[in-house]
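Here is run.txt, consisting of compact mmCIF, C-alpha atoms:
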# COMPACT_ATOMS: atom_id res chain seq x y z
CA MET A 1 75.82 26.52 -103.36
CA SER A 2 79.08 25.64 -105.09
CA GLU A 3 80.83 28.20 -107.29
CA ASP A 4 81.21 25.34 -109.77
CA ASN A 5 77.56 25.95 -110.65
CA ILE A 6 78.50 29.46 -111.75
CA ARG A 7 82.07 29.59 -113.02
CA GLY A 8 82.62 27.91 -116.34
CA VAL A 9 85.63 26.01 -117.62
CA PRO A 10 87.25 27.16 -120.90
CA ARG A 11 87.39 24.57 -123.67
CA GLY A 12 90.03 24.10 -126.34
CA ALA A 13 92.22 27.17 -126.80
CA ALA A 14 89.63 29.56 -125.37
CA GLU A 15 90.82 31.68 -122.44
CA ALA A 16 87.27 32.00 -121.11
CA PRO A 17 84.13 29.86 -121.40
CA LEU A 18 81.97 30.49 -124.46
CA SER A 19 78.19 30.35 -124.13
CA ILE A 20 75.09 31.15 -126.19
CA LEU A 21 72.13 33.50 -125.84
CA GLU A 22 69.21 32.20 -127.90
CA LEU A 23 66.12 34.19 -128.90
CA ALA A 24 64.41 31.54 -131.06
CA THR A 25 64.50 33.99 -133.97
CA VAL A 26 61.68 33.59 -136.51
CA GLY A 27 62.87 34.32 -140.03
CA GLU A 28 60.79 35.63 -142.89
CA GLY A 29 59.09 32.66 -144.56
CA SER A 30 59.47 30.56 -141.42
CA THR A 31 57.24 29.78 -138.41
CA PRO A 32 57.62 29.85 -134.62
CA SER A 33 57.53 26.04 -134.63
CA GLU A 34 60.52 25.94 -136.97
CA ALA A 35 62.35 28.56 -134.88
CA LEU A 36 61.88 26.50 -131.73
CA ARG A 37 63.01 23.33 -133.51
CA ASP A 38 66.10 25.24 -134.64
CA ALA A 39 66.72 26.35 -131.05
CA THR A 40 66.51 22.76 -129.87
CA GLU A 41 68.98 21.61 -132.53
CA LEU A 42 71.30 24.45 -131.57
CA ALA A 43 71.24 23.34 -127.92
CA ARG A 44 72.16 19.78 -128.93
CA ARG A 45 74.99 20.94 -131.17
CA ALA A 46 76.23 23.51 -128.65
CA GLU A 47 76.61 20.70 -126.12
CA GLU A 48 78.64 18.66 -128.63
CA TRP A 49 80.78 21.66 -129.56
CA GLY A 50 81.80 22.54 -126.00
CA TYR A 51 79.75 25.62 -125.24
CA HIS A 52 79.28 26.03 -121.50
CA ARG A 53 75.65 27.20 -121.30
CA ILE A 54 72.74 28.32 -123.43
CA TRP A 55 70.28 30.90 -122.14
CA VAL A 56 66.86 31.89 -123.46
CA ALA A 57 65.71 35.52 -123.39
CA GLU A 58 62.22 36.71 -122.47
CA HIS A 59 60.61 38.97 -125.08
CA HIS A 60 56.96 39.77 -125.72
CA GLY A 61 54.99 41.18 -128.64
CA MET A 62 57.78 40.62 -131.18
CA PRO A 63 56.77 38.49 -134.20
CA GLY A 64 60.41 37.70 -134.94
CA VAL A 65 61.21 36.31 -131.48
CA ALA A 66 59.55 33.12 -130.20
CA SER A 67 61.04 33.18 -126.70
CA SER A 68 58.17 34.68 -124.72
CA SER A 69 58.10 31.79 -122.20
CA PRO A 70 61.65 31.00 -121.04
CA ALA A 71 60.69 28.38 -118.45
CA VAL A 72 58.78 26.35 -121.05
CA ILE A 73 61.64 26.50 -123.56
CA ILE A 74 64.26 25.75 -120.89
CA ALA A 75 62.38 22.59 -119.92
CA HIS A 76 62.35 21.45 -123.55
CA LEU A 77 66.02 22.27 -124.21
CA ALA A 78 67.15 20.60 -120.99
CA ALA A 79 65.21 17.46 -121.89
CA ALA A 80 66.89 17.40 -125.32
CA THR A 81 70.42 17.64 -123.85
CA SER A 82 72.33 16.02 -121.00
CA SER A 83 75.17 18.22 -119.74
CA ILE A 84 75.13 21.81 -121.04
CA ARG A 85 73.77 24.38 -118.59
CA ILE A 86 70.39 25.83 -119.58
CA GLY A 87 68.95 29.05 -118.22
CA SER A 88 67.15 32.33 -118.61
CA GLY A 89 68.84 35.35 -120.04
CA GLY A 90 66.67 36.40 -118.54
CA VAL A 91 63.34 36.22 -116.81
CA MET A 92 62.03 39.80 -116.60
CA LEU A 93 61.13 39.63 -112.92
CA PRO A 94 58.81 42.68 -112.75
CA ASN A 95 56.50 40.84 -115.19
CA HIS A 96 55.95 37.99 -112.71
CA ALA A 97 55.13 37.23 -109.11
CA PRO A 98 58.37 36.02 -107.44
CA LEU A 99 56.58 32.95 -106.04
CA VAL A 100 55.61 31.85 -109.57
CA ILE A 101 59.24 32.06 -110.73
CA ALA A 102 60.40 30.20 -107.61
CA GLU A 103 57.96 27.39 -108.39
CA GLN A 104 58.87 27.26 -112.09
CA PHE A 105 62.62 27.17 -111.54
CA GLY A 106 62.30 24.90 -108.52
CA THR A 107 60.54 22.49 -110.85
CA LEU A 108 63.20 22.88 -113.54
CA HIS A 109 65.94 22.29 -110.98
CA ALA A 110 64.17 19.18 -109.70
CA LEU A 111 63.91 17.85 -113.26
CA HIS A 112 67.50 18.74 -114.23
CA PRO A 113 69.53 19.20 -111.02
CA GLY A 114 72.78 21.10 -111.35
CA ARG A 115 72.08 22.35 -114.88
CA ILE A 116 69.65 25.27 -114.51
CA ASP A 117 70.54 28.99 -114.29
CA LEU A 118 68.09 31.70 -113.23
CA GLY A 119 69.04 35.00 -114.85
CA LEU A 120 66.88 37.98 -113.84
CA GLY A 121 66.29 41.32 -115.53
CA ARG A 122 64.34 44.39 -114.45
CA ALA A 123 63.20 45.64 -117.88
CA PRO A 124 59.81 44.56 -119.29
CA GLY A 125 61.25 43.01 -122.47
CA THR A 126 58.49 44.69 -124.47
CA ASP A 127 56.52 47.91 -124.90
CA MET A 128 54.70 49.39 -121.91
CA ALA A 129 51.19 48.50 -123.14
CA THR A 130 52.20 44.84 -123.35
CA ALA A 131 54.00 45.09 -120.02
CA ASN A 132 50.83 46.43 -118.41
CA ALA A 133 48.86 43.52 -119.88
CA LEU A 134 51.40 41.07 -118.46
CA ARG A 135 51.44 42.67 -115.03
CA ARG A 136 47.72 43.57 -114.87
CA SER A 137 48.83 46.93 -113.48
CA ALA A 138 50.65 50.08 -114.53
CA GLU A 139 51.88 50.59 -110.96
CA VAL A 140 54.97 48.35 -111.10
CA ASP A 141 58.07 50.37 -110.23
CA PRO A 142 61.36 49.03 -111.68
CA ASP A 143 63.10 50.44 -108.61
CA GLU A 144 61.32 47.72 -106.61
CA PHE A 145 63.52 45.16 -108.34
CA PRO A 146 65.81 44.65 -105.30
CA GLN A 147 62.77 43.81 -103.16
CA GLN A 148 61.50 41.39 -105.83
CA VAL A 149 64.91 39.67 -105.96
CA ALA A 150 64.89 39.39 -102.16
CA GLU A 151 61.40 37.85 -102.22
CA LEU A 152 62.38 35.37 -104.92
CA THR A 153 65.49 34.38 -102.96
CA GLY A 154 63.38 33.96 -99.84
CA PHE A 155 61.01 31.60 -101.63
CA LEU A 156 63.84 29.60 -103.24
CA ASP A 157 65.78 29.25 -99.99
CA GLY A 158 62.92 29.19 -97.52
CA SER A 159 64.77 31.99 -95.75
CA PHE A 160 62.10 34.48 -94.75
CA PRO A 161 62.61 35.53 -91.10
CA PRO A 162 59.96 34.76 -88.45
CA GLY A 163 57.12 37.23 -88.64
CA HIS A 164 57.56 37.93 -92.36
CA PRO A 165 54.20 37.86 -94.20
CA TYR A 166 55.52 35.04 -96.42
CA ALA A 167 57.36 33.06 -93.73
CA LYS A 168 54.84 30.20 -93.78
CA ILE A 169 54.60 29.98 -97.58
CA GLN A 170 56.49 27.14 -99.23
CA ALA A 171 57.58 27.26 -102.85
CA VAL A 172 57.17 23.67 -104.00
CA PRO A 173 59.19 21.85 -105.18
CA ARG A 174 62.21 23.01 -103.21
CA GLY A 175 65.22 20.83 -102.52
CA ASP A 176 68.44 21.22 -100.58
CA ASP A 177 69.94 23.27 -103.41
CA ARG A 178 68.59 25.70 -105.99
CA PRO A 179 69.56 27.23 -109.33
CA PRO A 180 72.11 30.03 -109.09
CA ILE A 181 70.64 33.52 -109.49
CA TRP A 182 72.29 35.89 -111.95
CA LEU A 183 71.45 39.56 -112.33
CA LEU A 184 71.32 40.91 -115.88
CA GLY A 185 71.65 44.52 -116.94
CA SER A 186 72.46 47.11 -119.58
CA SER A 187 73.31 49.94 -117.17
CA GLY A 188 74.74 50.43 -113.71
CA PHE A 189 71.66 49.64 -111.60
CA SER A 190 71.82 45.84 -111.72
CA ALA A 191 75.62 45.93 -111.86
CA ARG A 192 75.79 47.61 -108.46
CA LEU A 193 73.03 45.43 -107.01
CA ALA A 194 74.75 42.24 -108.19
CA GLY A 195 77.96 43.42 -106.57
CA LEU A 196 76.32 44.31 -103.26
CA LEU A 197 74.55 40.92 -103.15
CA GLY A 198 77.66 38.97 -104.18
CA LEU A 199 75.92 37.50 -107.24
CA PRO A 200 77.22 36.77 -110.74
CA PHE A 201 76.47 39.50 -113.27
CA ALA A 202 75.66 39.39 -117.01
CA PHE A 203 75.91 42.59 -119.05
CA ALA A 204 74.14 43.13 -122.39
CA HIS A 205 77.09 44.42 -124.39
CA HIS A 206 75.27 43.38 -127.59
CA PHE A 207 72.85 46.28 -127.29
CA SER A 208 74.51 48.63 -124.80
CA ALA A 209 78.16 48.54 -125.82
CA GLY A 210 78.93 52.04 -124.57
CA ASN A 211 78.03 51.11 -121.00
CA THR A 212 79.92 47.81 -120.78
CA GLU A 213 83.16 48.85 -119.11
CA PRO A 214 81.61 51.37 -116.67
CA ALA A 215 79.02 48.77 -115.59
CA LEU A 216 81.64 46.05 -115.09
CA ASP A 217 83.84 48.45 -113.15
CA LEU A 218 80.87 49.32 -110.92
CA TYR A 219 80.07 45.65 -110.40
CA ARG A 220 83.61 44.82 -109.37
CA SER A 221 84.04 47.85 -107.11
CA SER A 222 80.68 47.16 -105.42
CA PHE A 223 81.27 43.44 -104.97
CA ARG A 224 80.94 41.94 -101.52
CA PRO A 225 81.82 38.26 -101.02
CA SER A 226 78.79 36.08 -100.31
CA GLU A 227 77.82 32.47 -99.77
CA VAL A 228 77.46 32.31 -103.55
CA LEU A 229 80.75 33.86 -104.73
CA ASP A 230 83.99 34.84 -103.06
CA ARG A 231 85.01 37.11 -105.95
CA PRO A 232 83.21 38.73 -108.92
CA TYR A 233 82.15 36.74 -111.95
CA ALA A 234 80.88 38.63 -115.00
CA LEU A 235 79.87 37.51 -118.44
CA ILE A 236 78.98 39.78 -121.34
CA GLY A 237 76.52 39.16 -124.16
CA VAL A 238 78.22 39.63 -127.53
CA ALA A 239 76.60 39.77 -130.97
CA ALA A 240 78.75 37.75 -133.38
CA VAL A 241 78.38 36.18 -136.82
CA ALA A 242 81.03 33.94 -138.38
CA ALA A 243 80.98 32.67 -141.95
CA ASP A 244 83.50 31.13 -144.34
CA THR A 245 84.43 34.57 -145.71
CA ASP A 246 84.17 38.17 -144.55
CA GLU A 247 81.82 38.89 -147.45
CA GLU A 248 79.43 36.10 -146.52
CA ALA A 249 79.48 37.18 -142.87
CA LEU A 250 78.48 40.70 -143.87
CA ARG A 251 75.67 39.30 -146.01
CA GLN A 252 74.45 37.24 -143.05
CA VAL A 253 74.69 40.05 -140.51
CA MET A 254 72.63 42.59 -142.49
CA PRO A 255 69.20 41.02 -141.75
CA GLY A 256 69.78 41.46 -138.02
CA ALA A 257 70.70 45.11 -138.55
CA LEU A 258 67.54 45.66 -140.58
CA SER A 259 65.50 43.97 -137.85
CA TRP A 260 66.92 46.43 -135.30
CA LEU A 261 66.13 49.32 -137.64
CA ARG A 262 62.52 48.22 -138.01
CA LEU A 263 62.23 47.76 -134.25
CA ARG A 264 63.49 51.31 -133.78
CA HIS A 265 60.80 52.52 -136.19
CA GLY A 266 58.15 50.67 -134.18
CA ARG A 267 57.66 47.99 -136.83
CA PRO A 268 59.00 44.76 -135.32
CA GLY A 269 58.71 41.76 -137.60
CA ARG A 270 60.32 38.52 -138.62
CA THR A 271 64.00 38.52 -139.48
CA PRO A 272 64.33 39.43 -143.18
CA THR A 273 66.31 37.40 -145.68
CA PRO A 274 69.78 38.54 -146.75
CA GLU A 275 68.31 39.41 -150.15
CA GLU A 276 65.62 41.56 -148.57
CA ALA A 277 68.18 43.32 -146.39
CA GLN A 278 70.37 44.00 -149.42
CA ALA A 279 67.48 45.40 -151.47
CA TYR A 280 66.04 47.61 -148.71
CA PRO A 281 66.05 51.34 -149.71
CA TYR A 282 68.01 52.76 -146.77
CA THR A 283 67.90 56.51 -146.20
CA PRO A 284 71.19 58.21 -145.28
CA MET A 285 70.10 58.31 -141.62
CA GLU A 286 69.15 54.63 -141.73
CA ARG A 287 72.52 53.73 -143.26
CA GLU A 288 74.23 55.53 -140.39
CA PHE A 289 72.11 53.56 -137.92
CA VAL A 290 73.07 50.29 -139.64
CA ARG A 291 76.77 51.23 -139.62
CA ASP A 292 76.55 51.99 -135.91
CA ARG A 293 74.76 48.69 -135.28
CA LEU A 294 77.31 46.68 -137.26
CA SER A 295 80.13 48.28 -135.27
CA THR A 296 78.87 46.38 -132.20
CA VAL A 297 78.64 43.01 -134.00
CA VAL A 298 81.80 40.92 -134.27
CA HIS A 299 81.55 39.50 -137.80
CA GLY A 300 83.80 38.03 -140.46
CA ASP A 301 85.62 34.80 -141.19
CA PRO A 302 86.38 32.56 -138.19
CA GLN A 303 89.79 34.05 -137.39
CA THR A 304 88.43 37.60 -137.65
CA VAL A 305 85.65 36.73 -135.23
CA ARG A 306 88.02 35.03 -132.80
CA ASP A 307 90.33 38.07 -132.88
CA GLY A 308 87.37 40.37 -132.24
CA LEU A 309 86.07 38.28 -129.36
CA GLU A 310 89.51 38.09 -127.78
CA GLU A 311 90.03 41.85 -128.06
CA LEU A 312 86.70 42.42 -126.36
CA ARG A 313 87.41 39.87 -123.61
CA LYS A 314 90.78 41.39 -122.82
CA ARG A 315 89.48 44.96 -122.91
CA THR A 316 86.55 44.29 -120.58
CA GLY A 317 88.09 41.56 -118.43
CA ALA A 318 84.93 39.48 -118.90
CA ASP A 319 85.07 36.06 -117.26
CA GLU A 320 82.79 34.54 -119.91
CA LEU A 321 81.50 35.46 -123.37
CA MET A 322 77.87 34.72 -124.25
CA ILE A 323 77.41 34.90 -128.01
CA THR A 324 74.14 35.80 -129.66
CA THR A 325 73.73 35.41 -133.41
CA GLN A 326 70.81 37.07 -135.20
CA VAL A 327 70.74 35.81 -138.77
CA HIS A 328 68.07 34.50 -141.11
CA GLY A 329 67.61 30.76 -140.79
CA GLY A 330 68.76 28.06 -138.44
CA ALA A 331 71.40 26.67 -140.81
CA ALA A 332 73.36 29.92 -140.94
CA ARG A 333 73.18 30.27 -137.16
CA LEU A 334 74.42 26.71 -136.62
CA ARG A 335 77.25 27.27 -139.09
CA SER A 336 78.35 30.43 -137.27
CA TYR A 337 78.50 28.74 -133.87
CA GLU A 338 80.30 25.73 -135.34
CA LEU A 339 82.94 27.90 -137.00
CA ILE A 340 83.55 29.80 -133.76
CA ALA A 341 83.91 26.55 -131.80
CA ARG A 342 86.32 25.17 -134.40
CA THR A 343 88.53 28.24 -134.52
CA TYR A 344 88.94 27.95 -130.72
CA GLY A 345 89.78 24.25 -131.02
CA MET A 346 86.72 23.24 -128.98
CA ILE A 347 85.86 20.55 -131.54

If you convert what's in this file into structure tokens, what do you get?
Amino acid sequence: MSEDNIRGVPRGAAEAPLSILELATVGEGSTPSEALRDATELARRAEEWGYHRIWVAEHHGMPGVASSSPAVIIAHLAAATSSIRIGSGGVMLPNHAPLVIAEQFGTLHALHPGRIDLGLGRAPGTDMATANALRRSAEVDPDEFPQQVAELTGFLDGSFPPGHPYAKIQAVPRGDDRPPIWLLGSSGFSARLAGLLGLPFAFAHHFSAGNTEPALDLYRSSFRPSEVLDRPYALIGVAAVAADTDEEALRQVMPGALSWLRLRHGRPGRTPTPEEAQAYPYTPMEREFVRDRLSTVVHGDPQTVRDGLEELRKRTGADELMITTQVHGGAARLRSYELIARTYGMI
């Protein structure tokens, strides 16, 4: 597998490739169909604007997130575009049999060769009751993740040794090449595993900012060259919202903060409108939560956002920035990504 399928090329004045993490966010007053149409339009525009890849996250049981089936959405986005890389950010592997994922992504790779990424996570992407319903068992141990990754790799590569219980099983379709595997994480477990396996690593800075630098340090110190990579390659997920003014960016970013607050209270729902977020009667403790949340979101006018992204890239040494933008409505999300691309001279 060529490293060209992993390492991105910066565009415009960007020092590192810029990419997108998409959740197909469903806003208040909208529908999942509209959210998925917005995601498709974003993929088309992102390709035009020079973004390197767009990934779809796996979440379950969340009315405000329509990305419960990454493989299905990836197939649709890849068919609507021609060059941008499309992938999972990620497939929550403990929710699935490795053979099923090998077949799904083998099919995607056959349909769109050289454009598909397979990002893997070890969290359920939901509450435990829903996770048990997905897995049909409460016995799944997240510490079995390395074995699941090894099984998936064996099916994708046809590399089980003689005598292995799965040695005669073929994941079909399977070609001469396969999608690159990425490990995703928000702590040190997957960081170390990615390093030991010589795989690219993606860290969820957008919801685990305090662990970013320790996890990246662990990844780099654990890294062993492999057939996939000769040196580490790490991207970080970054929450960012750009608007024409700082004031408008703050107005746009508040619905996402309120969505996180409701999720923390066990009341996940659709992304509220800016007006609803402004009118919400926050308690002092809730206001502190929102302030803490906003401190992890790069937001403001285009230059402010570019400065914030560059400070983060330099501080962490990230090889790639993957931007996620949780706002109400597809138009505001498109505008944010366009402004970021323009301020980097990508369009």

Q | Given all atoms listed in the file as the counted atoms, nearest of A:His265, A:Arg7, A:Arg192, A:Arg53 to A:Arg231 | A | A:Arg7

Q. Which residue, A:Trp260, A:Phe105, A:Tyr280, A:Phe223, has the smallest gap to A:Leu156 when you use all atoms listed in the file?
A.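 Using all atoms listed in the file, the shortest distance to A:Leu156 belongs to A:Phe105.
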
Q) Could you work out how far atom CA of A:Ile86 lies from atom CA of A:His52, giving the answer in Å with one decimal? A) 9.1 Å

Q) Nearest to A:Ala318 among A:Glu338, A:Asp301, A:Glu15, A:Glu28, with distances taken over only C-alpha atoms: which residue is it? A)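 Ranking A:Glu338, A:Asp301, A:Glu15, A:Glu28 by distance to A:Ala318, first place goes to A:Glu15.
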
Q. Quick one, how far is atom CA of A:Gly317 from atom CA of A:Ile84?
A.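 Calculated distance between atom CA of A:Gly317 and atom CA of A:Ile84 is 23.8 Å.
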
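Note that the spacing between atom CA of A:Ala14 and atom CA of A:Pro232 amounts to 19.9 Å.
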
Q. Taking all atoms listed in the file into account, which of A:Val297, A:Phe207, A:Ala331, A:Thr153 comes nearest A:Arg37?
A. A:Ala331

Q.
I need the residue nearest A:Val100 from this list: A:Ala171, A:Ile236, A:Val149, A:Val56. Use only C-alpha atoms for the distance.
A.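 When distances to A:Val100 are compared using only C-alpha atoms, the smallest one comes from A:Ala171.
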
Would you mind listing what lies within 12 Å of A:Glu41 as a PDB file with C-alpha atoms, in the coordinates of the input, with all atoms listed in the file counted and same-chain residues fewer than 4 positions away left out?
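Listing of around.pdb after writing:
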ATOM      1  CA  GLU A  22      69.210  32.200-127.900  1.00  0.00           C
ATOM      2  CA  ALA A  24      64.410  31.540-131.060  1.00  0.00           C
ATOM      3  CA  GLU A  34      60.520  25.940-136.970  1.00  0.00           C
ATOM      4  CA  ALA A  35      62.350  28.560-134.880  1.00  0.00           C
ATOM      5  CA  LEU A  36      61.880  26.500-131.730  1.00  0.00           C
ATOM      6  CA  ARG A  37      63.010  23.330-133.510  1.00  0.00           C
ATOM      7  CA  ARG A  45      74.990  20.940-131.170  1.00  0.00           C
ATOM      8  CA  ALA A  46      76.230  23.510-128.650  1.00  0.00           C
ATOM      9  CA  GLU A  47      76.610  20.700-126.120  1.00  0.00           C
ATOM     10  CA  GLU A  48      78.640  18.660-128.630  1.00  0.00           C
ATOM     11  CA  ILE A  54      72.740  28.320-123.430  1.00  0.00           C
ATOM     12  CA  HIS A  76      62.350  21.450-123.550  1.00  0.00           C
ATOM     13  CA  LEU A  77      66.020  22.270-124.210  1.00  0.00           C
ATOM     14  CA  ALA A  78      67.150  20.600-120.990  1.00  0.00           C
ATOM     15  CA  ALA A  80      66.890  17.400-125.320  1.00  0.00           C
ATOM     16  CA  THR A  81      70.420  17.640-123.850  1.00  0.00           C
ATOM     17  CA  GLY A 330      68.760  28.060-138.440  1.00  0.00           C
ATOM     18  CA  ALA A 331      71.400  26.670-140.810  1.00  0.00           C
ATOM     19  CA  ARG A 333      73.180  30.270-137.160  1.00  0.00           C
ATOM     20  CA  LEU A 334      74.420  26.710-136.620  1.00  0.00           C
ATOM     21  CA  ARG A 335      77.250  27.270-139.090  1.00  0.00           C
ATOM     22  CA  TYR A 337      78.500  28.740-133.870  1.00  0.00           C
TER      23      TYR A 337
END

Q: Name the residues in contact with stretch 302-315 of chain A at a cut-off of 7 Å, using only C-alpha atoms, excluding same-chain residues fewer than 4 positions from it; report them as a list in words.
A: Ala242, Ala243, Asp244, Val298, Leu339, Ile340 and Thr343 of chain A

Give me the residues near A:Asp157 as an mmCIF file with C-alpha atoms, in the coordinates of the input, where near means some atom within 12 Å (using all atoms listed in the file) and where sequence neighbours in that chain fewer than 6 positions away do not count.
data_model
loop_
_atom_site.group_PDB
_atom_site.id
_atom_site.type_symbol
_atom_site.label_atom_id
_atom_site.label_comp_id
_atom_site.auth_asym_id
_atom_site.auth_seq_id
_atom_site.Cartn_x
_atom_site.Cartn_y
_atom_site.Cartn_z
ATOM 1 C CA MET A 1 75.820 26.520 -103.360
ATOM 2 C CA LEU A 99 56.580 32.950 -106.040
ATOM 3 C CA ALA A 102 60.400 30.200 -107.610
ATOM 4 C CA GLU A 103 57.960 27.390 -108.390
ATOM 5 C CA GLY A 106 62.300 24.900 -108.520
ATOM 6 C CA ALA A 150 64.890 39.390 -102.160
ATOM 7 C CA GLU A 151 61.400 37.850 -102.220
ATOM 8 C CA ALA A 167 57.360 33.060 -93.730
ATOM 9 C CA ILE A 169 54.600 29.980 -97.580
ATOM 10 C CA GLN A 170 56.490 27.140 -99.230
ATOM 11 C CA ALA A 171 57.580 27.260 -102.850
ATOM 12 C CA VAL A 172 57.170 23.670 -104.000
ATOM 13 C CA PRO A 173 59.190 21.850 -105.180
ATOM 14 C CA ARG A 174 62.210 23.010 -103.210
ATOM 15 C CA GLY A 175 65.220 20.830 -102.520
ATOM 16 C CA ASP A 176 68.440 21.220 -100.580
ATOM 17 C CA ASP A 177 69.940 23.270 -103.410
ATOM 18 C CA ARG A 178 68.590 25.700 -105.990
ATOM 19 C CA PRO A 179 69.560 27.230 -109.330
ATOM 20 C CA PRO A 180 72.110 30.030 -109.090
ATOM 21 C CA ILE A 181 70.640 33.520 -109.490
#

How close does stretch 55-103 of chain A get to stretch 113-120 of chain A? List, as CSV, each residue of stretch 55-103 of chain A within 10 Å, its nearest atom pair and the distance in Å to one decimal, counting all atoms listed in the file.
residue,atom,partner,partner_atom,distance
A:Trp55,CA,A:Asp117,CA,8.1
A:Val56,CA,A:Gly119,CA,9.4
A:Ala57,CA,A:Gly119,CA,9.2
A:Glu58,CA,A:Leu120,CA,9.9
A:Ala71,CA,A:Leu118,CA,9.6
A:Ile74,CA,A:Ile116,CA,8.4
A:Ala75,CA,A:Ile116,CA,9.5
A:Ala78,CA,A:Arg115,CA,8.0
A:Ser82,CA,A:Arg115,CA,8.8
A:Ser83,CA,A:Arg115,CA,7.1
A:Ile84,CA,A:Arg115,CA,6.9
A:Arg85,CA,A:Arg115,CA,4.6
A:Ile86,CA,A:Ile116,CA,5.2
A:Gly87,CA,A:Asp117,CA,4.2
A:Ser88,CA,A:Gly119,CA,5.0
A:Gly89,CA,A:Gly119,CA,5.2
A:Gly90,CA,A:Gly119,CA,4.6
A:Val91,CA,A:Leu120,CA,4.9
A:Met92,CA,A:Leu120,CA,5.9
A:Leu93,CA,A:Leu120,CA,6.1
A:Pro94,CA,A:Leu120,CA,9.4
A:Ile101,CA,A:Leu118,CA,9.2
A:Ala102,CA,A:Leu118,CA,9.6

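You can rank A:Ile20, A:Ala194, A:Leu108, A:Leu258 by their closest distance to A:Tyr282 using all atoms listed in the file, and at the top of that list sits A:Leu258.
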
Q: Do a neighbour search on A:Glu275 at 10 Å with all atoms listed in the file, toss out local chain neighbours closer than 5 positions, and write the hits as a list in words.
A: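 Near neighbours after the sequence-gap exclusion: Arg251, Gln252, Met254, Pro255 and Tyr280 of chain A.
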
Identify the residues around (65.2, 43.7, -144.6) within a radius of 12 Å, measuring from all atoms listed in the file in the coordinates stated by the file, and give them as a CSV table (one decimal) with C-alpha atoms, in the coordinates of the input.
chain,number,residue,atom,x,y,z
A,27,GLY,CA,62.9,34.3,-140.0
A,28,GLU,CA,60.8,35.6,-142.9
A,251,ARG,CA,75.7,39.3,-146.0
A,252,GLN,CA,74.4,37.2,-143.0
A,253,VAL,CA,74.7,40.0,-140.5
A,254,MET,CA,72.6,42.6,-142.5
A,255,PRO,CA,69.2,41.0,-141.8
A,256,GLY,CA,69.8,41.5,-138.0
A,257,ALA,CA,70.7,45.1,-138.6
A,258,LEU,CA,67.5,45.7,-140.6
A,259,SER,CA,65.5,44.0,-137.8
A,260,TRP,CA,66.9,46.4,-135.3
A,261,LEU,CA,66.1,49.3,-137.6
A,262,ARG,CA,62.5,48.2,-138.0
A,263,LEU,CA,62.2,47.8,-134.2
A,267,ARG,CA,57.7,48.0,-136.8
A,268,PRO,CA,59.0,44.8,-135.3
A,269,GLY,CA,58.7,41.8,-137.6
A,270,ARG,CA,60.3,38.5,-138.6
A,271,THR,CA,64.0,38.5,-139.5
A,272,PRO,CA,64.3,39.4,-143.2
A,273,THR,CA,66.3,37.4,-145.7
A,274,PRO,CA,69.8,38.5,-146.8
A,275,GLU,CA,68.3,39.4,-150.2
A,276,GLU,CA,65.6,41.6,-148.6
A,277,ALA,CA,68.2,43.3,-146.4
A,278,GLN,CA,70.4,44.0,-149.4
A,279,ALA,CA,67.5,45.4,-151.5
A,280,TYR,CA,66.0,47.6,-148.7
A,281,PRO,CA,66.0,51.3,-149.7
A,282,TYR,CA,68.0,52.8,-146.8
A,286,GLU,CA,69.2,54.6,-141.7
A,290,VAL,CA,73.1,50.3,-139.6
A,327,VAL,CA,70.7,35.8,-138.8
A,328,HIS,CA,68.1,34.5,-141.1

Completion step: stretch 100-106 of chain A with N, CA, C and O atoms as a tab-separated table (two decimals), in the frame of the given file:
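Produced file part-v4.tsv, reproduced below:
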chain	number	residue	atom	x	y	z
A	100	VAL	N	55.80	32.62	-108.34
A	100	VAL	CA	55.61	31.85	-109.57
A	100	VAL	C	56.96	31.44	-110.16
A	100	VAL	O	57.16	30.29	-110.57
A	101	ILE	N	57.91	32.37	-110.18
A	101	ILE	CA	59.24	32.06	-110.73
A	101	ILE	C	59.95	31.05	-109.83
A	101	ILE	O	60.63	30.14	-110.33
A	102	ALA	N	59.80	31.18	-108.53
A	102	ALA	CA	60.40	30.20	-107.61
A	102	ALA	C	59.86	28.81	-107.88
A	102	ALA	O	60.61	27.81	-107.87
A	103	GLU	N	58.56	28.70	-108.11
A	103	GLU	CA	57.96	27.39	-108.39
A	103	GLU	C	58.42	26.85	-109.74
A	103	GLU	O	58.75	25.66	-109.87
A	104	GLN	N	58.45	27.71	-110.76
A	104	GLN	CA	58.87	27.26	-112.09
A	104	GLN	C	60.31	26.76	-112.08
A	104	GLN	O	60.60	25.67	-112.59
A	105	PHE	N	61.21	27.55	-111.50
A	105	PHE	CA	62.62	27.17	-111.54
A	105	PHE	C	62.96	26.13	-110.48
A	105	PHE	O	63.93	25.37	-110.63
A	106	GLY	N	62.17	26.04	-109.42
A	106	GLY	CA	62.30	24.90	-108.52
A	106	GLY	C	61.96	23.60	-109.22
A	106	GLY	O	62.61	22.57	-109.03
